[in-house]
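**Student:** Before we start, here is the structure in question, set down as structure tokens.
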There are 2 protein chains.
Amino acid sequence: MNAPINFETEPSRYRHLKLETDGGRARIILKVDETGGLRPGYLLKLNSYDLAVDIELADAINRLRFEHPGVSVVTLTSATEGTFCAGANIFMLATSDHSFKVNFCKFTNETRLAMEDASANSGQRYIAALNGITSGGGYELALACEEIILVDDRRSAVSLPEIPYLGVLPGTGGLTRLVDKRRVRRDLADVFVTLAEGVRGEKAVQWRLADSTFPPSQFAEAVTKRVESLVDVERISRAGIKLDALSPAESENEIRYRHLTLKLDHARRLAEFIIEGPLEVSDIPESGAALGADWYPLRLFREIDDALLRLRFNYPEIGLVLMRAHGDLGRVLALDRQLRDRNRDWFVRETMLLLKRVLKRLDLTAKSFFALVEEGSCFGGFMLELALAADRIYMKSHDGVQIATSPLNGGALPMSNGLSRLETRFLHRPEHARRLAAENYFDPDAALEAGLVTGAPDELDWEEEIRLAADERLSLSPDALTGMEASLRFAGPETMETKIFARLSAWQNWVFQRPNAVGERGALKLYGRPESPQFDWKRT
Amino acid sequence: MNAPINFETEPSRYRHLKLETDGGRARIILKVDETGGLRPGYLLKLNSYDLAVDIELADAINRLRFEHPGVSVVTLTSATEGTFCAGANIFMLATSDHSFKVNFCKFTNETRLAMEDASANSGQRYIAALNGITSGGGYELALACEEIILVDDRRSAVSLPEIPYLGVLPGTGGLTRLVDKRRVRRDLADVFVTLAEGVRGEKAVQWRLADSTFPPSQFAEAVTKRVESLVDVERISRAGIKLDALSPAESENEIRYRHLTLKLDHARRLAEFIIEGPLEVSDIPESGAALGADWYPLRLFREIDDALLRLRFNYPEIGLVLMRAHGDLGRVLALDRQLRDRNRDWFVRETMLLLKRVLKRLDLTAKSFFALVEEGSCFGGFMLELALAADRIYMKSHDGVQIATSPLNGGALPMSNGLSRLETRFLHRPEHARRLAAENYFDPDAALEAGLVTGAPDELDWEEEIRLAADERLSLSPDALTGMEASLRFAGPETMETKIFARLSAWQNWVFQRPNAVGERGALKLYGRPESPQFDWKRT
């Protein structure tokens, strides 16, 4: 087994990119350290990336929101001569196992979506300033920006050469963003993604692959001008907070954060999330930011986010996560009211947006989740969303056991499909979903009656029933569960975001295990070698 | 290679089901002949099905529309004691190659959707009368009906046991229909599909898995009563037409129908659709049905449908289909006007619905399609949809070469995503898509300008350019092309139908090639044997 991956970093430790801020502007400058990959065995040439680079990018995007809230325009560009970004490193992909590849793509997709979320919901708009060759995942990174400015120097093309060169898909949202976000005509998209050399200059603009193009002599000025026109001067004065390191205490069977303990039973392939509720709720100061990174909801959900990533990458064999939350339900609802009442404060709003993204990460995690509601549980309001994101909710039939709903369950924390978790759950009863989104406490009978929980075993049967349900789940095919959960969790409408994870990623995962890509004579395996791939030509 | 599969049949040749009609009612009665499978090596016990059964079902559904238009309620039931249907035959699945499995699932999905299309658009409503055990694909068949009536005899459960028994998904739309069509709560769906024994009686109704349940003593009467309440007496008198056999002339390199010739260049893995336009257009008689099965649009699209199925199953290595249509464009538009003007005639409407389904089958075929527009081409109106369904359209820059649009391109033949092909193509210019849906002729320059064609090579370069484009396409990874086309063809909204083929089928295709299912110790491979499957537990 490889060394466990650590997802925590901060700008002073970045090896692959530089984060610069200047009043309302920020720049994320790619200059990938060739030798700074996560594993030995490949060089990150031409600003190609592996997970190490993407961890820094995800960190930068998140810090910009909390630490630099005055920023309203983020330019993504490169400091590597002649190259913007060559995409995911192919030798890294070719030497990674299937499970890693799939989780890597999922994380990069989530990071791209975080950029779009910042553009759409935090007023931090991303501009891609493509000052060199932009291919594969590099162009997918650009596609995740609100605007693409391309240098017209007769050599800097944008391209998605995965299909002709590697026999795999541009899997970080590229195909979906082409036709759904940028609305490139399908036949032009078809030509573009089969054309290894890509498209340059004016033609890229005509095909809607870029928004504007400028010769090298005018490029920097054009980008600056565009950035200046977008800066929101009103927010420049906002002072950020410092996101401190989570630095959990790790042992073989436990990762202990401040509010969350992740327990690992490797033999059973079972994990537990044990959440401690808030110990106190203080009033929100006039400026919410004064609460800082210690504010309970922010800290807890940052911990959950980190734990989910570790679970995905470092503990691939864990199949089921039991979620428990112990604490005072009244205090949780008091916090919940603060989140609602103070939602015009940038810091409170950013915290809510982070909660939303973490909950989506949970929805998209290929592990089963069962929420367990027992004596002293505090699943209420925003914390009830954790349970609603689970595949099943079991509630002990016992005096005093309660869950609570709040107006926040009505749509402030939407799923990728655009609906609240209540709306998705009660797709057949939208009126019921609406009525439930109010402050209300439910005992086991009422929760069962309202359809909020899956089962409410008697106190005497509780332990046995949970053990049986867990054992049964852990006996099932992990692949079938992945496909099943991906289908059952996202009832209702599809969005660009769900299309990326369903239509595109599912196909990419399929392609990624086909001999035509990864077999001894597969295209991905043979990349960079003189032999031509040999395909089984059957179309399926 | 196996013997080529023939998709033509008719009721007198059915081995697995009986089609009974009685005034406004019809019954499709399953009684699968155990020894009537398509290949040797498995027995179709307990009304389990293979492609042979589904070919009969698809035929029955289509004939009911054209031959029995007076029917308004179709009951689907079983004549096999104690069993409605056990789903797709597992030994057939376990011994089929990946490409066949995927194409089989796609065809069964299309057949289920054809039932739903008949319920929604032809006024032929399907009722599942589940008079025995209903599992796996058997329940997916029921899910495709408008209504499910289940016998409550303490043993007849509905179930989707694929995940616990086989380590694969219920892949014929089941998971999607559970949460999206029937809007079963996601956690109950989660319990249901992991519960091998399924759910019976009242509980099935409470969980929304069935609409009603009756004890054996009342079951037949309840079904009859329900059927009678739905019969539309006004249409009983409609007289149908006979769908004659297409019976094409087949040789190794050619399948010749009346209006369509399918040419096969096996060495290049290239096929050609050569369509001959209508030779004459007669006035539509007062009753459209008098035109009969010889009516050009009906006959042509039945031929295309048959050719697509043969291409998928019998010629898996064919990667690219070039489509040509020779004939009089004016006559095509005259037919097109008839289709529009007479759309209140049941026969004309059924023909349009068939065109719609065939075009969807084309959209969903995992082969590349290029349409070629040359001198004497007749891609206009409903026939232009064939070109618009193609991945690319090449038009020869030459005097007199034309294509034509018509109001029918405006939404009468929608794709699975609910949009017209013009709307999907011009997702960024909805106004332009609307304007194009009128009767208009386009020469190559105008077609290029309007974005209707991908390229318009000069007469001198035409042959060479088409050859190069074809060769390039045929050199690419067939898997990457499948994933790419599935992503680029369906821009815009998703529907239950597209979710089935994208979210569900893509995952099923993935599961179907994982060692956990099909490896020597995989669950699908070991089904029915005493050994337990051995899983690689990594969750991806």
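Labels used: A, B, ... for chains in the order of the structure tokens, numbers from 1 for residues in each chain, and numbers from 1 for ligands as shown.
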Determine, counting only C-alpha atoms, which protein, DNA and RNA residues have an atom within 10 Å of an atom of Leu38 (chain B); residues of the same chain fewer than 4 positions away are not included. Present the result as a list in words.
**Tutor:** Ala3, Ile5, Tyr42, Tyr49, Asp50, Leu51, Ala52, Val53 and Met92 of chain B
**Student:** Keeping N, CA, C and O atoms for every residue in the selection just given, could you write it to a file as a PDB file, in the first residue's frame?
**Tutor:**
ATOM      1  N   ALA B   3     -24.586 -17.489 -35.436  1.00  0.00           N
ATOM      2  CA  ALA B   3     -25.459 -17.222 -36.583  1.00  0.00           C
ATOM      3  C   ALA B   3     -26.055 -15.829 -36.427  1.00  0.00           C
ATOM      4  O   ALA B   3     -26.344 -15.392 -35.320  1.00  0.00           O
ATOM      5  N   ILE B   5     -28.531 -12.826 -36.088  1.00  0.00           N
ATOM      6  CA  ILE B   5     -29.843 -12.781 -35.441  1.00  0.00           C
ATOM      7  C   ILE B   5     -30.842 -12.115 -36.374  1.00  0.00           C
ATOM      8  O   ILE B   5     -30.539 -11.109 -37.011  1.00  0.00           O
ATOM      9  N   TYR B  42     -28.617 -22.961 -22.264  1.00  0.00           N
ATOM     10  CA  TYR B  42     -29.381 -22.512 -21.100  1.00  0.00           C
ATOM     11  C   TYR B  42     -30.855 -22.792 -21.360  1.00  0.00           C
ATOM     12  O   TYR B  42     -31.296 -22.843 -22.511  1.00  0.00           O
ATOM     13  N   TYR B  49     -36.096 -14.688 -19.606  1.00  0.00           N
ATOM     14  CA  TYR B  49     -36.053 -14.358 -21.029  1.00  0.00           C
ATOM     15  C   TYR B  49     -34.638 -14.173 -21.552  1.00  0.00           C
ATOM     16  O   TYR B  49     -33.705 -13.905 -20.805  1.00  0.00           O
ATOM     17  N   ASP B  50     -34.523 -14.355 -22.841  1.00  0.00           N
ATOM     18  CA  ASP B  50     -33.309 -13.958 -23.546  1.00  0.00           C
ATOM     19  C   ASP B  50     -33.762 -13.088 -24.717  1.00  0.00           C
ATOM     20  O   ASP B  50     -34.937 -12.674 -24.779  1.00  0.00           O
ATOM     21  N   LEU B  51     -32.859 -12.795 -25.627  1.00  0.00           N
ATOM     22  CA  LEU B  51     -33.212 -11.889 -26.716  1.00  0.00           C
ATOM     23  C   LEU B  51     -34.383 -12.426 -27.542  1.00  0.00           C
ATOM     24  O   LEU B  51     -35.208 -11.657 -28.044  1.00  0.00           O
ATOM     25  N   ALA B  52     -34.472 -13.756 -27.681  1.00  0.00           N
ATOM     26  CA  ALA B  52     -35.555 -14.340 -28.488  1.00  0.00           C
ATOM     27  C   ALA B  52     -36.922 -13.920 -27.935  1.00  0.00           C
ATOM     28  O   ALA B  52     -37.846 -13.612 -28.694  1.00  0.00           O
ATOM     29  N   VAL B  53     -37.043 -13.920 -26.615  1.00  0.00           N
ATOM     30  CA  VAL B  53     -38.309 -13.528 -25.993  1.00  0.00           C
ATOM     31  C   VAL B  53     -38.562 -12.043 -26.224  1.00  0.00           C
ATOM     32  O   VAL B  53     -39.667 -11.619 -26.565  1.00  0.00           O
ATOM     33  N   MET B  92     -27.703 -17.340 -19.526  1.00  0.00           N
ATOM     34  CA  MET B  92     -27.481 -16.660 -20.798  1.00  0.00           C
ATOM     35  C   MET B  92     -26.532 -15.486 -20.587  1.00  0.00           C
ATOM     36  O   MET B  92     -25.546 -15.327 -21.303  1.00  0.00           O
TER      37      MET B  92
END
**Student:** Please provide as a VMD selection string all residues within 8 Å of region 478-489 of chain A, with the sequence filter that same-chain residues fewer than 6 positions apart are discarded (counting only C-alpha atoms).
**Tutor:** (chain A and resid 319 363 to 364 366 to 368 391 502) or (chain B and resid 163 167 to 169 175 to 176 179 186 189 to 190 503 to 504 507 to 508 511 514 516 535 to 540)
**Student:** Can you work out the spacing between CA of Glu221 (chain B) and CA of Lys181 (chain B) in Å, to one decimal?
**Tutor:**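 Answer for the CA of Glu221 (chain B) to CA of Lys181 (chain B) separation: 27.0 Å.
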**Student:** Among region 392-498 of chain B, which ones does DSSP place in helix (DSSP H, G or I), written as a ChimeraX atom specification?
**Tutor:** /B:407-410,421-425,430-436,444-449,462-475,478-488,496-498
**Student:** From the list B:Arg269, B:Arg344, B:Arg331, B:Arg429, which residue is nearest Asp471 (chain B) when using only C-alpha atoms?
**Tutor:** B:Arg269
**Student:** Go through A:Arg25, A:Arg324, A:Arg473, A:Arg125 one by one, measure the shortest atom-to-atom distance of each to chain B using only C-alpha atoms, and give the residue with the smallest value.
**Tutor:**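 Going through A:Arg25, A:Arg324, A:Arg473, A:Arg125 one by one, the smallest distance to chain B is for A:Arg473.
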**Student:** Any idea what's packed within 6 Å of region 129-144 of chain A, counting only C-alpha atoms, ignoring anything in its chain fewer than 3 positions away? Could you give it as a ChimeraX atom specification?
**Tutor:** /A:76-77,82-88,112,149-151,156-160,174
**Student:** In Å, with one decimal, what is the gap from CA of Ala239 (chain B) to CA of Asp345 (chain B)?
**Tutor:**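 Calculated distance between CA of Ala239 (chain B) and CA of Asp345 (chain B) is 12.3 Å.
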**Student:** Write out as a ChimeraX atom specification all residues of region 46-247 of chain A that DSSP puts in strand (DSSP E or B) for this structure's backbone.
**Tutor:** /A:49,73-78,80,83-85,88,125-130,133-135,147-151,157-159,199-200,212-214
**Student:** Could you work out how far CA of Pro515 (chain A) lies from CA of Leu166 (chain A), giving the answer in Å with one decimal?
**Tutor:**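 A separation of 12.1 Å between them.
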**Student:** With distances taken over only C-alpha atoms, which of A:Cys105, A:Leu93, A:Val358, A:Leu260 is nearest to chain B?
**Tutor:** A:Cys105
**Student:** Excluding region 401-409 of chain B and residues on its chain fewer than 4 positions from it, collect all residues at most 9 Å away from it, counting only C-alpha atoms, and give them as JSON, numbers by chain.
**Tutor:** {"B": [329, 333, 336, 337, 339, 340, 373, 374, 375, 376, 377, 378, 379, 380, 381, 382, 384, 385, 395, 396, 397, 413, 414, 420, 421, 422, 436, 437, 438, 439, 440, 441, 442, 443, 444, 447]}
**Student:** Could you take the residues named above and write them with N, CA and C atoms, as a CSV table (one decimal), in the first residue's frame?
**Tutor:**
chain,number,residue,atom,x,y,z
B,329,LEU,N,-36.0,15.6,-53.7
B,329,LEU,CA,-36.2,16.3,-52.5
B,329,LEU,C,-37.6,16.9,-52.4
B,333,LEU,N,-40.4,16.4,-49.5
B,333,LEU,CA,-41.1,17.4,-48.8
B,333,LEU,C,-42.7,17.3,-49.0
B,336,ASP,N,-43.6,14.9,-46.5
B,336,ASP,CA,-43.4,15.6,-45.2
B,336,ASP,C,-44.7,16.4,-44.9
B,337,ARG,N,-45.2,17.1,-45.9
B,337,ARG,CA,-46.4,17.9,-45.7
B,337,ARG,C,-47.6,17.0,-45.3
B,339,LEU,N,-47.4,14.2,-43.7
B,339,LEU,CA,-47.2,13.8,-42.3
B,339,LEU,C,-47.7,14.9,-41.3
B,340,ARG,N,-47.4,16.1,-41.7
B,340,ARG,CA,-47.9,17.2,-40.9
B,340,ARG,C,-49.4,17.4,-41.0
B,373,VAL,N,-24.1,14.4,-48.0
B,373,VAL,CA,-25.1,15.1,-48.9
B,373,VAL,C,-24.4,15.4,-50.2
B,374,GLU,N,-24.9,14.8,-51.3
B,374,GLU,CA,-24.3,14.9,-52.6
B,374,GLU,C,-25.3,15.3,-53.6
B,375,GLU,N,-24.9,15.3,-54.9
B,375,GLU,CA,-25.9,15.5,-56.0
B,375,GLU,C,-27.0,14.5,-55.9
B,376,GLY,N,-28.2,15.0,-56.0
B,376,GLY,CA,-29.4,14.1,-56.0
B,376,GLY,C,-29.8,13.6,-54.6
B,377,SER,N,-29.2,14.3,-53.6
B,377,SER,CA,-29.6,13.9,-52.2
B,377,SER,C,-31.0,14.4,-51.9
B,378,CYS,N,-31.6,13.6,-51.0
B,378,CYS,CA,-33.0,14.1,-50.6
B,378,CYS,C,-33.2,14.1,-49.1
B,379,PHE,N,-32.2,14.7,-48.4
B,379,PHE,CA,-32.3,14.9,-46.9
B,379,PHE,C,-33.2,16.1,-46.7
B,380,GLY,N,-34.5,15.9,-46.5
B,380,GLY,CA,-35.4,17.0,-46.2
B,380,GLY,C,-36.4,16.6,-45.2
B,381,GLY,N,-36.8,17.6,-44.3
B,381,GLY,CA,-37.8,17.3,-43.4
B,381,GLY,C,-37.6,16.1,-42.5
B,382,PHE,N,-38.5,15.2,-42.5
B,382,PHE,CA,-38.4,14.0,-41.7
B,382,PHE,C,-37.1,13.2,-42.0
B,384,LEU,N,-34.4,14.6,-43.1
B,384,LEU,CA,-33.2,15.4,-42.6
B,384,LEU,C,-32.9,15.0,-41.2
B,385,GLU,N,-33.9,14.5,-40.5
B,385,GLU,CA,-33.6,14.1,-39.1
B,385,GLU,C,-32.5,13.0,-39.0
B,395,MET,N,-21.4,18.0,-46.7
B,395,MET,CA,-22.2,18.4,-47.9
B,395,MET,C,-21.3,18.8,-49.0
B,396,LYS,N,-21.5,18.2,-50.2
B,396,LYS,CA,-20.6,18.5,-51.3
B,396,LYS,C,-20.9,19.9,-51.8
B,397,SER,N,-19.8,20.7,-51.9
B,397,SER,CA,-20.0,22.1,-52.4
B,397,SER,C,-20.1,22.0,-54.0
B,413,LEU,N,-40.5,15.2,-33.8
B,413,LEU,CA,-39.7,13.9,-33.7
B,413,LEU,C,-38.6,14.1,-32.6
B,414,PRO,N,-39.0,14.3,-31.4
B,414,PRO,CA,-38.1,14.7,-30.3
B,414,PRO,C,-37.0,13.5,-30.0
B,420,SER,N,-36.0,18.8,-29.8
B,420,SER,CA,-35.8,18.4,-31.2
B,420,SER,C,-34.3,18.4,-31.5
B,421,ARG,N,-33.9,17.7,-32.6
B,421,ARG,CA,-32.5,17.6,-32.9
B,421,ARG,C,-32.0,19.0,-33.3
B,422,LEU,N,-32.8,19.9,-33.8
B,422,LEU,CA,-32.3,21.3,-34.0
B,422,LEU,C,-32.1,22.0,-32.7
B,436,LEU,N,-35.3,27.9,-38.0
B,436,LEU,CA,-35.0,26.9,-39.0
B,436,LEU,C,-36.1,25.9,-39.2
B,437,ALA,N,-37.0,25.7,-38.3
B,437,ALA,CA,-38.0,24.7,-38.4
B,437,ALA,C,-39.2,25.2,-39.3
B,438,ALA,N,-38.8,25.5,-40.5
B,438,ALA,CA,-39.8,25.9,-41.5
B,438,ALA,C,-39.4,25.4,-42.9
B,439,GLU,N,-40.3,25.4,-43.9
B,439,GLU,CA,-39.9,24.8,-45.1
B,439,GLU,C,-38.9,25.7,-45.8
B,440,ASN,N,-37.7,25.2,-46.0
B,440,ASN,CA,-36.6,26.0,-46.6
B,440,ASN,C,-35.6,25.1,-47.3
B,441,TYR,N,-35.1,25.5,-48.4
B,441,TYR,CA,-34.0,24.8,-49.1
B,441,TYR,C,-32.7,25.5,-48.8
B,442,PHE,N,-31.6,24.7,-48.7
B,442,PHE,CA,-30.3,25.3,-48.4
B,442,PHE,C,-29.3,24.7,-49.3
B,443,ASP,N,-28.6,25.6,-50.0
B,443,ASP,CA,-27.4,25.1,-50.8
B,443,ASP,C,-26.3,25.0,-49.8
B,444,PRO,N,-25.1,24.5,-50.3
B,444,PRO,CA,-24.0,24.2,-49.3
B,444,PRO,C,-23.6,25.5,-48.6
B,447,ALA,N,-26.2,26.3,-46.0
B,447,ALA,CA,-26.3,25.2,-45.0
B,447,ALA,C,-25.1,25.4,-44.0
**Student:** Measuring atom to atom with only C-alpha atoms, identify which of A:Glu272, A:Glu146, A:Asp341, A:Asp97 is nearest to chain B.
**Tutor:**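 Looking at the shortest contact to chain B, the residue is A:Asp97.
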**Student:** Residues within 9 Å of region 291-295 of chain A, please, as a ChimeraX atom specification. Count only C-alpha atoms; anything in the same chain fewer than 5 positions from it doesn't count.
**Tutor:** /A:240-244,284-285,300,347
**Student:** For a quick check of understanding, using only C-alpha atoms, which of A:Ala204, A:Leu195, A:Leu353, A:Leu308 has the smallest distance to chain B?
**Tutor:**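 For chain B, the nearest of the given residues is A:Leu195.
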